[in-house]
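Remarks on the structure that follows.
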Amino acid sequence: MRIAILEDDPNQLSHLVRTLEQLLTIGETNVTCITFSNGSTLQQALRRESFDLLVLDWNVPGLAGVELLQWLRKWQTDKVPVLMLSSRASEHDVVQALNLGADDYIVKPFRPLELRARVQRLMARRVPIAPSDGERFGRWEFERVSQSVLIHPAPGDDATPQRHALTDREFKLALTLFQHMGDTVSRAHLLESAGYSNEELPSRTLDSHIYRLRSKLGLEAESGLSLRTVYGRGYRLEATQHAPQADS
């Protein structure tokens with residue numbers, strides 16, 4: 001899970017990062033917090049990066065958290081969950097943030113267990129906190145134990161399901177793309193999900209992985225799902241209008 005945090009108080013930021021990483025790291029779910037103390041800096045990052053969750057303070061230098069939220073909901077197509085975490089406690093402020101597109105609002109000081117519960121509720125809409133042994137997205141079924149993907153035939157087609165074995169990193173990449181279907185996932189986000197460290201970040205390795213996934217999993221328009229490059233940002237897996245039809 002990749003979380004961007006906007007907070008300019010070093011002590012509160014340290015406490016928030018420690019709380020999120022300790023309370024949300026469950027099973028195979030690892031939490032990476034990327035921190036920002038300036039709203040304008042986070043805005044620049046959001047033009048090229050993707051995150052699973054944004055935690056925004058209101059009063060920060062550069063661009064206020066609520067102004068960043070307004071920009072995000074107006075100009076960005078990816079519906080990343082946003083949690084406002086602010087000392088501003090008036091009803092007017094809470095309503096304003098929610099009307100501008102915040103998914104939840106917590107007044108500082110936060111209570112760790114409440115924060116975890118609210119984040120888990122937000123993430124349940126997008127990526128499971130504690131993944132099961134298998135997940136299915138339409139005809140594509142992910143099996144964690146065997147690290148393979150079972151592609152079921154289209155409705156009305158009597159063909160046998162096809163199983164495709166993936167490497168560990170291919171499996172993690174594919175699952176991340178399917179879990180974020182319809183959204184653009186940045187290159188850094190994908191590389192981190194595949195287990196590459198910040199020091200590695202190979203320039204062409206990700207492209208090679210994506211090429212193999214397209215081939216192995218049939219992620220072309222004719223199959224009903226298309227994995228395409230979004231220039232300057234990353235990759236997007238999306239449904240197409242060319243899903244295969246069963247023979248009459």
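Following the order of the structure tokens, chains are lettered A, B, ..., residues in each are numbered from 1, and ligands are numbered from 1.
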| task | Using DSSP on the backbone coordinates, identify the residues of stretch 79-137 of chain A assigned to helix (DSSP H, G or I); present them as a list of chain:residue names. | result | A:Glu91, A:His92, A:Asp93, A:Val94, A:Val95, A:Gln96, A:Ala97, A:Leu98, A:Asn99, A:Pro112, A:Leu113, A:Glu114, A:Leu115, A:Arg116, A:Ala117, A:Arg118, A:Val119, A:Gln120, A:Arg121, A:Leu122, A:Met123
| Contacts of A:Thr229 within 12 Å, only C-alpha atoms, excl. fewer than 2 positions in-chain, as a list in words | Asp183, Thr184, Val185, Ser186, Arg187, Leu206, Asp207, Ile210, Tyr211, Arg214, Ser226, Leu227, Tyr231, Gly232, Arg233, Gly234, Tyr235, Arg236, Leu237 and Glu238 of chain A
May I have the residues from that selection written out with N, CA, C and O atoms, as an mmCIF file, in the first residue's frame?
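Below you can see out-v7.cif, which holds the result:
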data_model
loop_
_atom_site.group_PDB
_atom_site.id
_atom_site.type_symbol
_atom_site.label_atom_id
_atom_site.label_comp_id
_atom_site.auth_asym_id
_atom_site.auth_seq_id
_atom_site.Cartn_x
_atom_site.Cartn_y
_atom_site.Cartn_z
ATOM 1 N N ASP A 183 -7.517 2.948 -13.304
ATOM 2 C CA ASP A 183 -6.663 4.047 -12.855
ATOM 3 C C ASP A 183 -5.276 3.914 -13.459
ATOM 4 O O ASP A 183 -4.822 2.810 -13.774
ATOM 5 N N THR A 184 -4.585 5.034 -13.587
ATOM 6 C CA THR A 184 -3.198 5.023 -14.029
ATOM 7 C C THR A 184 -2.311 4.724 -12.826
ATOM 8 O O THR A 184 -2.401 5.403 -11.805
ATOM 9 N N VAL A 185 -1.464 3.713 -12.946
ATOM 10 C CA VAL A 185 -0.541 3.343 -11.878
ATOM 11 C C VAL A 185 0.864 3.750 -12.318
ATOM 12 O O VAL A 185 1.326 3.348 -13.390
ATOM 13 N N SER A 186 1.527 4.560 -11.512
ATOM 14 C CA SER A 186 2.825 5.097 -11.918
ATOM 15 C C SER A 186 3.892 4.014 -11.943
ATOM 16 O O SER A 186 3.771 2.956 -11.327
ATOM 17 N N ARG A 187 4.966 4.301 -12.646
ATOM 18 C CA ARG A 187 6.070 3.358 -12.759
ATOM 19 C C ARG A 187 6.680 3.059 -11.384
ATOM 20 O O ARG A 187 6.954 1.909 -11.055
ATOM 21 N N LEU A 206 10.776 -2.705 -16.009
ATOM 22 C CA LEU A 206 9.321 -2.656 -15.922
ATOM 23 C C LEU A 206 8.691 -2.844 -17.295
ATOM 24 O O LEU A 206 7.696 -3.574 -17.435
ATOM 25 N N ASP A 207 9.242 -2.212 -18.313
ATOM 26 C CA ASP A 207 8.692 -2.364 -19.663
ATOM 27 C C ASP A 207 8.741 -3.824 -20.111
ATOM 28 O O ASP A 207 7.818 -4.314 -20.769
ATOM 29 N N ILE A 210 5.930 -5.678 -18.327
ATOM 30 C CA ILE A 210 4.630 -5.332 -18.905
ATOM 31 C C ILE A 210 4.430 -6.046 -20.235
ATOM 32 O O ILE A 210 3.338 -6.569 -20.529
ATOM 33 N N TYR A 211 5.481 -6.111 -21.040
ATOM 34 C CA TYR A 211 5.397 -6.798 -22.337
ATOM 35 C C TYR A 211 5.018 -8.262 -22.137
ATOM 36 O O TYR A 211 4.147 -8.806 -22.843
ATOM 37 N N ARG A 214 1.313 -8.650 -20.932
ATOM 38 C CA ARG A 214 0.361 -8.491 -22.031
ATOM 39 C C ARG A 214 0.231 -9.802 -22.801
ATOM 40 O O ARG A 214 -0.863 -10.222 -23.178
ATOM 41 N N SER A 226 -7.544 -4.028 -21.753
ATOM 42 C CA SER A 226 -6.395 -3.502 -22.467
ATOM 43 C C SER A 226 -5.417 -2.878 -21.476
ATOM 44 O O SER A 226 -5.815 -2.076 -20.615
ATOM 45 N N LEU A 227 -4.153 -3.261 -21.579
ATOM 46 C CA LEU A 227 -3.091 -2.691 -20.743
ATOM 47 C C LEU A 227 -2.308 -1.727 -21.612
ATOM 48 O O LEU A 227 -1.594 -2.134 -22.521
ATOM 49 N N TYR A 231 1.644 7.982 -21.244
ATOM 50 C CA TYR A 231 2.922 8.672 -21.428
ATOM 51 C C TYR A 231 3.240 9.589 -20.245
ATOM 52 O O TYR A 231 2.415 10.390 -19.814
ATOM 53 N N GLY A 232 4.450 9.445 -19.728
ATOM 54 C CA GLY A 232 4.914 10.293 -18.648
ATOM 55 C C GLY A 232 4.437 9.898 -17.272
ATOM 56 O O GLY A 232 4.840 10.504 -16.277
ATOM 57 N N ARG A 233 3.572 8.876 -17.179
ATOM 58 C CA ARG A 233 3.041 8.501 -15.863
ATOM 59 C C ARG A 233 3.252 7.028 -15.553
ATOM 60 O O ARG A 233 3.865 6.680 -14.564
ATOM 61 N N GLY A 234 2.709 6.130 -16.370
ATOM 62 C CA GLY A 234 2.828 4.710 -16.058
ATOM 63 C C GLY A 234 1.963 3.868 -16.978
ATOM 64 O O GLY A 234 2.011 4.017 -18.196
ATOM 65 N N TYR A 235 1.119 3.019 -16.365
ATOM 66 C CA TYR A 235 0.284 2.104 -17.146
ATOM 67 C C TYR A 235 -1.132 2.082 -16.592
ATOM 68 O O TYR A 235 -1.357 2.301 -15.403
ATOM 69 N N ARG A 236 -2.076 1.806 -17.505
ATOM 70 C CA ARG A 236 -3.485 1.726 -17.108
ATOM 71 C C ARG A 236 -4.102 0.456 -17.696
ATOM 72 O O ARG A 236 -3.997 0.205 -18.905
ATOM 73 N N LEU A 237 -4.745 -0.331 -16.831
ATOM 74 C CA LEU A 237 -5.506 -1.496 -17.267
ATOM 75 C C LEU A 237 -6.974 -1.113 -17.268
ATOM 76 O O LEU A 237 -7.508 -0.670 -16.248
ATOM 77 N N GLU A 238 -7.630 -1.253 -18.409
ATOM 78 C CA GLU A 238 -9.014 -0.807 -18.499
ATOM 79 C C GLU A 238 -9.835 -1.726 -19.390
ATOM 80 O O GLU A 238 -9.312 -2.406 -20.283
#
| Taking the backbone alone, and naming residues the way the document does, which bits of stretch 40-239 of chain A are strand (DSSP E) by DSSP, as a PyMOL selection string? | chain A and resi 53-56+82-86+104-107+134-137+140-143+148-151+162-165+184-186+225-230+234-239
| Nearest to A:Thr32: which of A:Val17, A:Ala45, A:Val60, A:Leu173 is it, counting only C-alpha atoms? |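 Counting only C-alpha atoms, the residue closest to A:Thr32 is A:Val17.
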| query | In terms of the shortest atom-to-atom distance over only C-alpha atoms, which of A:Ala102, A:Leu46, A:Leu16, A:Leu217 is closest to A:His189? | reply | A:Leu46
| query | Mind pulling up the distance from atom CA of A:Leu68 to atom CA of A:Gly39? | reply |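 Value for the atom CA of A:Gly39-atom CA of A:Leu68 distance: 6.7 Å.
The shell of residues at most 12 Å from A:Thr240, with only C-alpha atoms counted and near chain neighbours (fewer than 2 positions) removed, consists of Met181, Gly182, Leu219, Glu220, Ala221, Glu222, Ser223, Gly224, Leu225, Ser226, Leu227, Arg228, Arg236, Leu237, Glu238, His242, Ala243 and Pro244 of chain A.
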| request: Find, counting only C-alpha atoms, the residue in A:Leu56, A:Phe137, A:Leu63, A:Ala159 that gets nearest to A:Lys108. | output: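 Smallest distance to A:Lys108 is found for A:Leu56.
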| Nearest to A:Ile34, chosen from A:Ala4, A:Gln12, A:Arg125, A:Val55, with only C-alpha atoms counted in the distances | A:Ala4
| query | Within 12 Å of A:Trp71, counting only C-alpha atoms, which residues qualify if same-chain residues fewer than 3 places away don't, as a VMD selection string? | reply | chain A and resid 39 to 40 42 to 44 46 to 47 63 to 68 74 to 77 100 to 102
